[in-house]
Amino acid sequence: MAAPKKTGTSALAVHLLAALLLSVMFLGACGGPEIIYDPANYRKESNPAKHEYIIGVSDTLQVNVWRNPEVSSAATVRPDGTITLPLLGDVKVEGRTPTEVKNEVTKRLSAYVKDESAVVTVAITGVNSYRFTVAGNCARPGIFTTRYYVTVAEAIAMAGGPTRFADTEQVILVRTDPNGRVRQIPINYDSVRSRDNPEQDLVLVTGDTVFLP
């Protein structure tokens, strides 16, 4: 699997990102999205590694229809969240699982392919949409992309670790839930490293921000 990548983020952009994050975290009462300080039940937090993959923009897929190679195709998810398949045209895939996409393709193909043995498979051939941000008092803050899931501690390590100014007992994981609420989940990085509270080392989901104050 490919090594993790860091997007090109200038020092100014990182400082602006940190300032923006702080404004979201502390000024949410001024009419913005609902902000919730949420000392989570860590063991019940969503873990994407335990569920079927959710397709995102820039991911690559292989859609195969058995015995019908003319309607099989490789595709990359475009910025609008769709792919284009032979006969079917555009299919919305962003935010859906391969099983959900397979079911829609099977249903729509039934109007063109009458062979009941035409089994559809959908495989993820390239994971490119998994992104998260590490901001604040770390050595190399920025936006990171990997082809595998990482935890809070791993994300901080990818960002070069905390600086000597960081309050590592007060790390905040900023996460937006499906209802659009912005949650602030406290993480005690020291207790994660000491293994006193390993359950706080949550697996990041796409769009998460780890903030080191």
# chains A, B, ... in the order shown; residues from 1 in each chain; ligands from 1
call {"tool": "residues_around", "arguments": {"residues": "Val120 in chain A", "least_positions_apart": "5", "cutoff": "9 Å", "atoms": "only C-alpha atoms", "output": "PyMOL selection string"}}
result
chain A and resi 63-66+72+102-103+105-106
call {"tool": "write_last_selection", "arguments": {"atoms": "C-alpha atoms", "output": "PDB file, in the first residue's frame"}}
result
ATOM      1  CA  VAL A  63     -17.625  -2.298 -12.286  1.00  0.00           C
ATOM      2  CA  ASN A  64     -17.867  -5.717 -13.907  1.00  0.00           C
ATOM      3  CA  VAL A  65     -20.909  -7.423 -15.404  1.00  0.00           C
ATOM      4  CA  TRP A  66     -20.274 -11.130 -15.826  1.00  0.00           C
ATOM      5  CA  SER A  72     -18.118  -3.364 -17.711  1.00  0.00           C
ATOM      6  CA  LYS A 102     -23.938  -2.751  -7.145  1.00  0.00           C
ATOM      7  CA  ASN A 103     -27.654  -2.926  -6.319  1.00  0.00           C
ATOM      8  CA  VAL A 105     -26.372  -0.851 -11.291  1.00  0.00           C
ATOM      9  CA  THR A 106     -28.056  -4.282 -11.244  1.00  0.00           C
TER      10      THR A 106
END
call {"tool": "select_by_dssp", "arguments": {"residues": "range 26-190 of chain A", "states": "strand (DSSP E or B)", "output": "ChimeraX atom specification"}}
result
/A:35-37,60-65,73-76,82-85,89-92,120-126,131-136,138,142-145,151,162,171-176,182-187
call {"tool": "closest_residue", "arguments": {"among": "A:Pro198, A:Pro48, A:Gly126, A:Pro86", "to": "Leu61 in chain A", "atoms": "only C-alpha atoms"}}
result
A:Gly126
call {"tool": "closest_residue", "arguments": {"among": "A:Arg181, A:Asn188, A:Pro162, A:Arg175", "to": "Thr209 in chain A", "atoms": "only C-alpha atoms"}}
result
A:Arg175
call {"tool": "closest_residue", "arguments": {"among": "A:Leu204, A:Val101, A:Val93, A:Val210", "to": "Val150 in chain A", "atoms": "only C-alpha atoms"}}
result
A:Leu204
call {"tool": "atom_distance", "arguments": {"atom1": "CA of Val174 in chain A", "atom2": "CA of Thr97 in chain A"}}
result
24.0 Å
call {"tool": "decode", "arguments": {"residues": "range 194-207 of chain A", "atoms": "N, CA and C atoms", "output": "PDB file, in the first residue's frame"}}
result
ATOM      1  N   SER A 194       0.419   6.460  26.954  1.00  0.00           N
ATOM      2  CA  SER A 194       0.758   5.627  28.111  1.00  0.00           C
ATOM      3  C   SER A 194      -0.083   4.360  28.167  1.00  0.00           C
ATOM      4  N   ARG A 195      -1.083   4.254  27.285  1.00  0.00           N
ATOM      5  CA  ARG A 195      -2.018   3.139  27.230  1.00  0.00           C
ATOM      6  C   ARG A 195      -2.957   3.105  28.428  1.00  0.00           C
ATOM      7  N   ASP A 196      -3.048   4.205  29.167  1.00  0.00           N
ATOM      8  CA  ASP A 196      -4.021   4.275  30.251  1.00  0.00           C
ATOM      9  C   ASP A 196      -5.447   4.367  29.710  1.00  0.00           C
ATOM     10  N   ASN A 197      -5.606   5.065  28.577  1.00  0.00           N
ATOM     11  CA  ASN A 197      -6.921   5.203  27.939  1.00  0.00           C
ATOM     12  C   ASN A 197      -6.808   4.950  26.444  1.00  0.00           C
ATOM     13  N   PRO A 198      -6.504   3.732  26.043  1.00  0.00           N
ATOM     14  CA  PRO A 198      -6.316   3.445  24.614  1.00  0.00           C
ATOM     15  C   PRO A 198      -7.583   3.626  23.789  1.00  0.00           C
ATOM     16  N   GLU A 199      -8.751   3.583  24.447  1.00  0.00           N
ATOM     17  CA  GLU A 199     -10.002   3.737  23.706  1.00  0.00           C
ATOM     18  C   GLU A 199     -10.156   5.134  23.118  1.00  0.00           C
ATOM     19  N   GLN A 200      -9.377   6.104  23.627  1.00  0.00           N
ATOM     20  CA  GLN A 200      -9.451   7.461  23.079  1.00  0.00           C
ATOM     21  C   GLN A 200      -8.689   7.597  21.750  1.00  0.00           C
ATOM     22  N   ASP A 201      -7.925   6.599  21.393  1.00  0.00           N
ATOM     23  CA  ASP A 201      -7.172   6.655  20.134  1.00  0.00           C
ATOM     24  C   ASP A 201      -8.094   6.252  18.992  1.00  0.00           C
ATOM     25  N   LEU A 202      -9.032   7.133  18.691  1.00  0.00           N
ATOM     26  CA  LEU A 202     -10.090   6.837  17.721  1.00  0.00           C
ATOM     27  C   LEU A 202      -9.541   6.760  16.302  1.00  0.00           C
ATOM     28  N   VAL A 203     -10.179   5.921  15.496  1.00  0.00           N
ATOM     29  CA  VAL A 203      -9.864   5.869  14.072  1.00  0.00           C
ATOM     30  C   VAL A 203     -10.527   7.067  13.397  1.00  0.00           C
ATOM     31  N   LEU A 204      -9.763   7.807  12.619  1.00  0.00           N
ATOM     32  CA  LEU A 204     -10.305   8.999  11.969  1.00  0.00           C
ATOM     33  C   LEU A 204     -11.211   8.628  10.810  1.00  0.00           C
ATOM     34  N   VAL A 205     -12.244   9.441  10.619  1.00  0.00           N
ATOM     35  CA  VAL A 205     -13.089   9.332   9.437  1.00  0.00           C
ATOM     36  C   VAL A 205     -12.761  10.506   8.518  1.00  0.00           C
ATOM     37  N   THR A 206     -13.094  10.365   7.256  1.00  0.00           N
ATOM     38  CA  THR A 206     -12.811  11.419   6.290  1.00  0.00           C
ATOM     39  C   THR A 206     -13.401  12.746   6.746  1.00  0.00           C
ATOM     40  N   GLY A 207     -12.586  13.802   6.714  1.00  0.00           N
ATOM     41  CA  GLY A 207     -13.041  15.126   7.114  1.00  0.00           C
ATOM     42  C   GLY A 207     -12.724  15.500   8.541  1.00  0.00           C
TER      43      GLY A 207
END
